[in-house]
Amino acid sequence: MEPTIFDLILSKEIPADIVYEDDYILGFKDVNPQAPVHVLFIPKVRIATHNDLVEDNIDYISKMHLAVNRYAKEISEDENGYRIVMNCNSNGGQTVFHIHMHFLAGRQLQWPPG
Ligand code: DGP
């Protein structure tokens with residue numbers, strides 16, 4: 001598999017505004033923010049799409065959720081609320097093929113999305 005831009009962020013070959021890191025997950029600000037807070041949480045292993053989640057790597061999803069919870073609390077947006085989104089493939093609007101959770105916060109978000 002070709003490395004994605006997120007592999008280069010993980011290896012620190014290109015810069016990103018990193019706001020969260022643990023042994024499994026990296027969180028950094030989205031370059032094209034859709035809300036006052038827009039952070040991408042990615043696993044430190046390459047999983048291309050949601051379709052590639054299997055028994056052997058599914059624990060990364062739990063780790064991503066825990067990372068979101070810690071970060072939301074740290075920036076005091078846990079009580080205000082937020083949205084987490086994972087896009088999959090073309091109809092889902094996925095453009096980077098390394099799974100990621102979009103964490104959006106800091107304003108009233110509309111539902112349904114477009
Ligand atoms: P998606 O469309 O769900 O695959 O979201 C990919 C997101 O990644 C998109 O919101 C923009 C963001 N993104 C793309 N390239 C970069 C980059 O080089 N740095 C950062 N911080 N974010 C990026």
# chains A, B, ... in the order shown; residues from 1 in each chain; ligands from 1

$ select_by_dssp --residues "chain A" --states "alpha helix (DSSP H)" --output "PyMOL selection string"
chain A and resi 5-10+59-74+89-92

$ residues_near_ligand --ligand "ligand 1" --cutoff "7 Å" --atoms "only C-alpha atoms and all ligand atoms" --output "list of chain:residue names"
A:Ile5, A:Ala16, A:Asp17, A:Phe28, A:Lys29, A:Asp30, A:Val31, A:Asn32, A:Pro33, A:Met86, A:Asn87, A:Gly93, A:Gln94, A:Thr95, A:Val96, A:Phe97, A:His100

$ write_last_selection --atoms "C-alpha atoms" --output "short mmCIF file (atom, residue, chain, number, x, y, z; two decimals), in the first residue's frame"
data_model
loop_
_atom_site.label_atom_id
_atom_site.label_comp_id
_atom_site.auth_asym_id
_atom_site.auth_seq_id
_atom_site.Cartn_x
_atom_site.Cartn_y
_atom_site.Cartn_z
CA ILE A 5 -0.33 11.77 4.09
CA ALA A 16 0.93 18.63 11.93
CA ASP A 17 -0.58 20.41 14.89
CA PHE A 28 -3.98 16.41 15.20
CA LYS A 29 -5.89 19.43 13.90
CA ASP A 30 -7.59 19.06 10.53
CA VAL A 31 -5.99 21.29 7.90
CA ASN A 32 -9.47 22.28 6.67
CA PRO A 33 -11.49 22.75 9.87
CA MET A 86 -15.84 8.32 10.12
CA ASN A 87 -16.16 8.54 6.36
CA GLY A 93 -16.55 11.26 1.27
CA GLN A 94 -13.32 9.56 2.39
CA THR A 95 -10.24 11.16 0.84
CA VAL A 96 -7.40 9.83 3.00
CA PHE A 97 -7.20 6.05 3.15
CA HIS A 100 -9.68 8.50 11.10
#

$ atom_distance --atom1 "CA of Ser76 in chain A" --atom2 "CA of Ile42 in chain A"
21.1 Å

$ closest_atom_pairs --of "range 37-110 of chain A" --to "range 10-15 of chain A" --cutoff "12 Å" --atoms "only C-alpha atoms" --output "JSON lines"
{"residue": "A:Phe41", "atom": "CA", "partner": "A:Leu10", "partner_atom": "CA", "distance": 11.2}
{"residue": "A:Ile42", "atom": "CA", "partner": "A:Leu10", "partner_atom": "CA", "distance": 9.0}
{"residue": "A:Pro43", "atom": "CA", "partner": "A:Leu10", "partner_atom": "CA", "distance": 9.3}
{"residue": "A:Lys44", "atom": "CA", "partner": "A:Leu10", "partner_atom": "CA", "distance": 7.0}
{"residue": "A:Val45", "atom": "CA", "partner": "A:Leu10", "partner_atom": "CA", "distance": 9.2}
{"residue": "A:Arg46", "atom": "CA", "partner": "A:Leu10", "partner_atom": "CA", "distance": 10.1}
{"residue": "A:His98", "atom": "CA", "partner": "A:Leu10", "partner_atom": "CA", "distance": 11.0}

$ select_by_dssp --residues "chain A" --states "strand (DSSP E)" --output "ChimeraX atom specification"
/A:18-21,25-29,37-43,82-85,101-105

$ write_last_selection --atoms "N, CA and C atoms" --output "PDB file, in the first residue's frame"
ATOM      1  N   ILE A  18      -0.220  18.584  16.436  1.00  0.00           N
ATOM      2  CA  ILE A  18      -0.597  17.408  17.227  1.00  0.00           C
ATOM      3  C   ILE A  18      -1.123  17.860  18.590  1.00  0.00           C
ATOM      4  N   VAL A  19      -2.322  17.374  18.927  1.00  0.00           N
ATOM      5  CA  VAL A  19      -2.942  17.780  20.194  1.00  0.00           C
ATOM      6  C   VAL A  19      -3.144  16.603  21.138  1.00  0.00           C
ATOM      7  N   TYR A  20      -2.945  15.392  20.624  1.00  0.00           N
ATOM      8  CA  TYR A  20      -3.149  14.205  21.476  1.00  0.00           C
ATOM      9  C   TYR A  20      -2.238  13.086  20.968  1.00  0.00           C
ATOM     10  N   GLU A  21      -1.635  12.361  21.902  1.00  0.00           N
ATOM     11  CA  GLU A  21      -0.863  11.181  21.499  1.00  0.00           C
ATOM     12  C   GLU A  21      -0.821  10.192  22.654  1.00  0.00           C
ATOM     13  N   ILE A  25      -2.725   5.899  19.414  1.00  0.00           N
ATOM     14  CA  ILE A  25      -3.516   6.892  18.677  1.00  0.00           C
ATOM     15  C   ILE A  25      -2.786   8.229  18.616  1.00  0.00           C
ATOM     16  N   LEU A  26      -2.906   8.905  17.463  1.00  0.00           N
ATOM     17  CA  LEU A  26      -2.432  10.280  17.321  1.00  0.00           C
ATOM     18  C   LEU A  26      -3.638  11.159  16.988  1.00  0.00           C
ATOM     19  N   GLY A  27      -3.679  12.346  17.583  1.00  0.00           N
ATOM     20  CA  GLY A  27      -4.730  13.318  17.272  1.00  0.00           C
ATOM     21  C   GLY A  27      -4.100  14.629  16.848  1.00  0.00           C
ATOM     22  N   PHE A  28      -4.539  15.155  15.704  1.00  0.00           N
ATOM     23  CA  PHE A  28      -3.976  16.414  15.197  1.00  0.00           C
ATOM     24  C   PHE A  28      -5.073  17.216  14.515  1.00  0.00           C
ATOM     25  N   LYS A  29      -4.860  18.550  14.451  1.00  0.00           N
ATOM     26  CA  LYS A  29      -5.886  19.432  13.896  1.00  0.00           C
ATOM     27  C   LYS A  29      -6.047  19.211  12.399  1.00  0.00           C
ATOM     28  N   VAL A  37     -13.361  23.509  16.730  1.00  0.00           N
ATOM     29  CA  VAL A  37     -12.441  22.407  17.069  1.00  0.00           C
ATOM     30  C   VAL A  37     -12.675  21.303  16.047  1.00  0.00           C
ATOM     31  N   HIS A  38     -11.636  20.943  15.315  1.00  0.00           N
ATOM     32  CA  HIS A  38     -11.740  19.851  14.335  1.00  0.00           C
ATOM     33  C   HIS A  38     -10.420  19.082  14.378  1.00  0.00           C
ATOM     34  N   VAL A  39     -10.461  17.960  15.065  1.00  0.00           N
ATOM     35  CA  VAL A  39      -9.267  17.143  15.268  1.00  0.00           C
ATOM     36  C   VAL A  39      -9.494  15.781  14.629  1.00  0.00           C
ATOM     37  N   LEU A  40      -8.451  15.251  14.023  1.00  0.00           N
ATOM     38  CA  LEU A  40      -8.490  13.903  13.447  1.00  0.00           C
ATOM     39  C   LEU A  40      -7.760  12.949  14.379  1.00  0.00           C
ATOM     40  N   PHE A  41      -8.415  11.869  14.748  1.00  0.00           N
ATOM     41  CA  PHE A  41      -7.797  10.834  15.570  1.00  0.00           C
ATOM     42  C   PHE A  41      -7.526   9.635  14.673  1.00  0.00           C
ATOM     43  N   ILE A  42      -6.265   9.209  14.634  1.00  0.00           N
ATOM     44  CA  ILE A  42      -5.892   8.100  13.747  1.00  0.00           C
ATOM     45  C   ILE A  42      -5.148   7.025  14.536  1.00  0.00           C
ATOM     46  N   PRO A  43      -5.322   5.758  14.131  1.00  0.00           N
ATOM     47  CA  PRO A  43      -4.529   4.697  14.750  1.00  0.00           C
ATOM     48  C   PRO A  43      -3.087   4.762  14.244  1.00  0.00           C
ATOM     49  N   TYR A  82     -20.232  17.203  21.178  1.00  0.00           N
ATOM     50  CA  TYR A  82     -19.374  17.157  19.983  1.00  0.00           C
ATOM     51  C   TYR A  82     -19.918  16.093  19.047  1.00  0.00           C
ATOM     52  N   ARG A  83     -19.294  15.989  17.898  1.00  0.00           N
ATOM     53  CA  ARG A  83     -19.664  14.926  16.941  1.00  0.00           C
ATOM     54  C   ARG A  83     -18.405  14.201  16.519  1.00  0.00           C
ATOM     55  N   ILE A  84     -18.504  12.873  16.372  1.00  0.00           N
ATOM     56  CA  ILE A  84     -17.414  12.110  15.775  1.00  0.00           C
ATOM     57  C   ILE A  84     -17.947  11.448  14.513  1.00  0.00           C
ATOM     58  N   VAL A  85     -17.124  11.505  13.472  1.00  0.00           N
ATOM     59  CA  VAL A  85     -17.541  11.041  12.141  1.00  0.00           C
ATOM     60  C   VAL A  85     -16.421  10.209  11.548  1.00  0.00           C
ATOM     61  N   MET A 101     -11.096   9.330  12.837  1.00  0.00           N
ATOM     62  CA  MET A 101     -12.309   9.893  13.399  1.00  0.00           C
ATOM     63  C   MET A 101     -12.168  11.397  13.346  1.00  0.00           C
ATOM     64  N   HIS A 102     -13.146  12.056  12.727  1.00  0.00           N
ATOM     65  CA  HIS A 102     -13.235  13.508  12.808  1.00  0.00           C
ATOM     66  C   HIS A 102     -13.903  13.837  14.143  1.00  0.00           C
ATOM     67  N   PHE A 103     -13.264  14.675  14.925  1.00  0.00           N
ATOM     68  CA  PHE A 103     -13.841  15.166  16.182  1.00  0.00           C
ATOM     69  C   PHE A 103     -14.172  16.636  15.965  1.00  0.00           C
ATOM     70  N   LEU A 104     -15.474  16.944  16.025  1.00  0.00           N
ATOM     71  CA  LEU A 104     -15.947  18.303  15.746  1.00  0.00           C
ATOM     72  C   LEU A 104     -16.627  18.851  16.980  1.00  0.00           C
ATOM     73  N   ALA A 105     -16.254  20.068  17.360  1.00  0.00           N
ATOM     74  CA  ALA A 105     -16.813  20.658  18.577  1.00  0.00           C
ATOM     75  C   ALA A 105     -16.694  22.170  18.498  1.00  0.00           C
TER      76      ALA A 105
END

$ residues_around --residues "Asn51 in chain A" --least-positions-apart "4" --cutoff "10 Å" --atoms "only C-alpha atoms" --output "list in words"
Ile47, Cys88, Asn89 and Ile99 of chain A

$ closest_residue --among "A:Asp23, A:Gly106, A:Phe6, A:Gly114" --to "Lys63 in chain A" --atoms "only C-alpha atoms"
A:Asp23
